[in-house]
Every structure is written in structure tokens, then in C-alpha cells.
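Asker: Dropping the structure in here first, questions after.
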Amino acid sequence: MAGNFWRSSHYSQWVMDRQDILKVRNQDLQSSKLTESEYQKIMIFFANVIQSLGESLKMRQQVIATATVYFKRFYAKHSLKSVDPFLLAPTSLFLASKVEEFGVISNNRIIGTCQSVLKSKFSFAYPQEYQYKINQVLECEFLLLEVMDCSLILYHPYRSLVQYVADIRAEDKVLQAAWRIINDTLRTDIPLLYPPFLIALAGLQIACVIHKRDFKGWFAELNVDMDKISEITRQILALYDLWQNYDEKQEILAILNKMPKTKVSSRPSSQPNEAQLQQQS
């Protein structure tokens, strides 16, 4: 693991520019007639799927967060049609469980959990039987490693948050509120755009407002870019605004049906498939 965030591949390769993310995303929006809001609802839905799968597998929140960021990194580089998100979601968890040293999940367990969770919690969006097998998860895992250039170590906001809360001597309820807010940022582009310590500060700032705790003096003394924290805060509040009028069970199936259709192969067209590699050898 890198000695600190600033020397890590997370910082050097995966704190992205918004325009780079939108360049790939706009291709999906134009080809499928999805709106930006609908695209965001797709990302929210699959973050919820990953969360539910992880909880069913008794994973720590950090493992689930890592899987969600892996998922988001892939679609920051490739179209939704390159790999079915219903395949990439369990694949991201499968890989994250190894990287975060949760322990290897058995092949049968990852597929069985996917089948049961989709049937029990997400049948309104995925009414059919789960179609993927473990060999497809393993192939997709290899592709995910390629896309991320094996940059697997993530720095999450949780550790920074705990340190900040201890520094200001805030109550547990402030920590709990900020922790939930950080989890909510996984439903946005925030983890792709900002260093984790800034995300932690934005979550803490909102939590302090919620619980009417005044730590303005402490924030003022920080040697950080407060404009960036304000940007993150606005994006979190925009997520909450979207949620107020969003009924996932009623809306998501129609949105998923508009999503660009996945090709038969799980490998994006920019990557050669196995048959092509054999022909070239």
C-alpha cells in the first residue's frame, strides 16, 4: 500500500476531471436518450444493489465502498453497453473482498447471493432469473483489473472523518450523521472527483449543521480549499433534492430499459477478445 494518499495511484490516476467523466457519459446519453438525471438514478440503483449484496455477504462498509468506487471507475472509462452492470456489480464486490482482505468469497456464494438478493429486494427492476455464471464474473474481474490498471488501493473518507470528529470532540451522533452522508456520496461522482479528506470534511460540515453544532472556528483554521468543500456540499445536497421526488420502485425499470444494450461479450470493443488474441498468436 502507498505510504500516503498523495503518493498513491488513487491520487495520481483516479482523482479525475469532471469533463473526462462527462465525455464518456455523454456518449451513453446521446445514444440512448437518457437524461443526466436518469443516468444518475442508474448509478444510485446499482450502488444500492452493491450495498445490499455486500450486507448479505456480511462485508464491512469499507469493502462495500471499495466495490462501489471500482464500479464507478469502470463506467467513467467505458459505456454502460460495454458490460452489463448486473454483472459488474457482483464482480466489483468479488474483487474488493480480496483487495480489502475480507476473505475470498466462494464461487457458489457470490452467484447464489446475487440470485437471492435480486429476487428478494430488486425484483421490481430485475424480474428474471440471474443469468450470469462464475466464469463470466471471473472474466469480468480480469477486465476490471485492466481498466483500473491494477490501481486497487483506495483511500476512503472514513479514517479522516474519525480523526476530525475526535479533534473537535463532537458527539457520536455527529460522527454517525457524517458517516451516513459519506456513504451517500457513493451514489454520486464525488468519490471520482475529490480527495477523501475533503469528502470527510464536507460530510462533517453538513452533520454539524444538522445537529446545530458550531465548529466554524475549527473549519476556518484548516489549511484546505474551502471552495472544494462547498462544491462537494452542493453535490450532496443536489443528491438529496433528487431523492425527495424519486420513487425507485416505480421509475427504475423504465430507466433501465432505456439503458444502452450490452453486447454479448463482456469485453469492451476497445479490448480484444480471447478469439482475437488466439488469431493474433
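Identifiers for the C-alpha cells are assigned positionally: chains receive A, B, ... in sequence, residues are indexed from 1 per chain, and ligands are indexed from 1 in the order shown.
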Once you count only C-alpha atoms, what closest atom pair and distance in Å to one decimal does each residue of segment 143-202 of chain A within 12 Å of segment 219-239 of chain A have, with rows by chain and rising residue number, as a tab-separated table?
Answerer:
residue	atom	partner	partner_atom	distance
A:Tyr164	CA	A:Phe219	CA	10.3
A:Val165	CA	A:Phe219	CA	11.9
A:Asp167	CA	A:Phe219	CA	11.3
A:Ile168	CA	A:Phe219	CA	9.8
A:Ala178	CA	A:Ile236	CA	11.7
A:Arg180	CA	A:Ile236	CA	11.5
A:Ile181	CA	A:Ile236	CA	7.9
A:Ile182	CA	A:Ile236	CA	9.1
A:Asn183	CA	A:Ile236	CA	10.7
A:Asp184	CA	A:Ile236	CA	7.7
A:Thr185	CA	A:Ile236	CA	6.5
A:Leu186	CA	A:Ile236	CA	10.0
A:Arg187	CA	A:Leu239	CA	8.0
A:Thr188	CA	A:Leu239	CA	7.4
A:Asp189	CA	A:Gln235	CA	8.7
A:Ile190	CA	A:Ile232	CA	6.8
A:Pro191	CA	A:Ile232	CA	9.9
A:Leu192	CA	A:Ile232	CA	11.5
A:Leu193	CA	A:Ile232	CA	9.2
A:Tyr194	CA	A:Ile232	CA	8.1
A:Pro195	CA	A:Lys228	CA	9.9
A:Pro196	CA	A:Ile232	CA	10.9
A:Phe197	CA	A:Val224	CA	9.6
A:Leu198	CA	A:Ile229	CA	6.1
A:Ile199	CA	A:Ile232	CA	6.8
A:Ala200	CA	A:Ile229	CA	9.2
A:Leu201	CA	A:Ile229	CA	7.0
A:Ala202	CA	A:Ile229	CA	5.3
Asker: Which residues of segment 69-168 of chain A sit at most 12 Å from segment 241-255 of chain A, using only C-alpha atoms? Give each one's shortest atom pair and distance in Å (one decimal place), in chain and ascending residue order, as CSV.
Answerer:
residue,atom,partner,partner_atom,distance
A:Lys121,CA,A:Lys249,CA,10.2
A:Phe122,CA,A:Lys249,CA,8.4
A:Ser123,CA,A:Lys249,CA,9.3
A:Phe124,CA,A:Lys249,CA,6.1
A:Ala125,CA,A:Leu253,CA,4.9
A:Tyr126,CA,A:Leu253,CA,7.9
A:Pro127,CA,A:Leu253,CA,9.8
Asker: Which neighbours of Phe142 of chain A fall inside 10 Å, counting only C-alpha atoms, when residues of the same chain fewer than 6 positions from it are skipped, and could you give them as an MDAnalysis selection string?
Answerer: chainID A and resid 91 95 136 150 267
Asker: Can I get the selected residues back with all heavy atoms, as a compact mmCIF listing (two decimals), in the first residue's frame?
Answerer:
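For reference, part_5.txt as written:
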# COMPACT_ATOMS: atom_id res chain seq x y z
N THR A 91 -19.10 -8.51 -9.57
CA THR A 91 -17.68 -8.62 -9.88
C THR A 91 -16.87 -7.62 -9.06
O THR A 91 -15.79 -7.94 -8.53
CB THR A 91 -17.42 -8.38 -11.38
OG1 THR A 91 -18.16 -9.33 -12.15
CG2 THR A 91 -15.94 -8.51 -11.71
N LEU A 95 -13.90 -8.65 -6.35
CA LEU A 95 -12.54 -8.13 -6.35
C LEU A 95 -12.24 -7.36 -5.06
O LEU A 95 -11.17 -7.52 -4.46
CB LEU A 95 -12.31 -7.24 -7.57
CG LEU A 95 -10.94 -6.58 -7.71
CD1 LEU A 95 -9.83 -7.63 -7.74
CD2 LEU A 95 -10.88 -5.72 -8.98
N GLN A 136 -18.17 -16.00 -16.02
CA GLN A 136 -18.35 -14.64 -16.55
C GLN A 136 -17.91 -13.60 -15.52
O GLN A 136 -17.37 -12.56 -15.89
CB GLN A 136 -19.81 -14.44 -16.96
CG GLN A 136 -20.19 -15.28 -18.17
CD GLN A 136 -21.69 -15.39 -18.34
OE1 GLN A 136 -22.40 -15.84 -17.43
NE2 GLN A 136 -22.19 -14.98 -19.49
N CYS A 150 -4.70 -2.06 -12.57
CA CYS A 150 -4.31 -2.68 -11.30
C CYS A 150 -4.08 -1.66 -10.18
O CYS A 150 -3.33 -1.94 -9.23
CB CYS A 150 -3.07 -3.56 -11.51
SG CYS A 150 -3.38 -5.00 -12.57
N ARG A 267 -16.52 -7.89 -22.86
CA ARG A 267 -15.31 -7.11 -23.06
C ARG A 267 -15.60 -5.91 -23.94
O ARG A 267 -16.16 -6.05 -25.02
CB ARG A 267 -14.24 -8.00 -23.71
CG ARG A 267 -12.91 -7.32 -23.93
CD ARG A 267 -11.89 -8.31 -24.46
NE ARG A 267 -11.57 -9.31 -23.46
CZ ARG A 267 -10.62 -9.17 -22.55
NH1 ARG A 267 -9.91 -8.07 -22.50
NH2 ARG A 267 -10.37 -10.11 -21.67
Asker: Could you state the separation of atom CA of Ser12 of chain A and atom CA of Glu101 of chain A in Å, given to one decimal place?
Answerer: 23.4 Å
Asker: If we count only C-alpha atoms and set the cut-off at 12 Å, which residues sit around Leu145 of chain A, ignoring sequence neighbours fewer than 6 positions away in its own chain? Please answer as a VMD selection string.
Answerer: chain A and resid 70 to 71 73 to 74 88 91 to 92 94 to 96 99 138 to 139 151 to 153
Asker: Per DSSP on the backbone, what are the helix (DSSP H, G or I) residues of segment 15-258 of chain A, as number ranges by chain?
Answerer: A: 18-32, 36-56, 61-77, 85-99, 107-121, 134-147, 157-168, 172-185, 190-193, 196-210, 216-220, 226-244, 248-258
Asker: Which neighbours of Lys77 of chain A fall inside 10 Å, counting only C-alpha atoms, when residues of the same chain fewer than 4 positions from it are skipped, and could you give them as JSON, numbers by chain?
Answerer: {"A": [20, 21, 22, 23, 24, 25, 72, 73, 147, 148]}
Asker: Under the rule that only C-alpha atoms are counted, which of A:Leu256, A:Val69, A:Leu118, A:Ala47 is the nearest residue to Ser32 of chain A?
Answerer: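 Distance minimum relative to Ser32 of chain A lands on A:Leu256.
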Asker: At a cut-off of 12 Å, using only C-alpha atoms, what residues contact Gln27 of chain A? Leave out same-chain residues fewer than 5 positions from it and give the result as a VMD selection string.
Answerer: chain A and resid 20 to 22 32 to 36 39 75 to 81 259 to 260
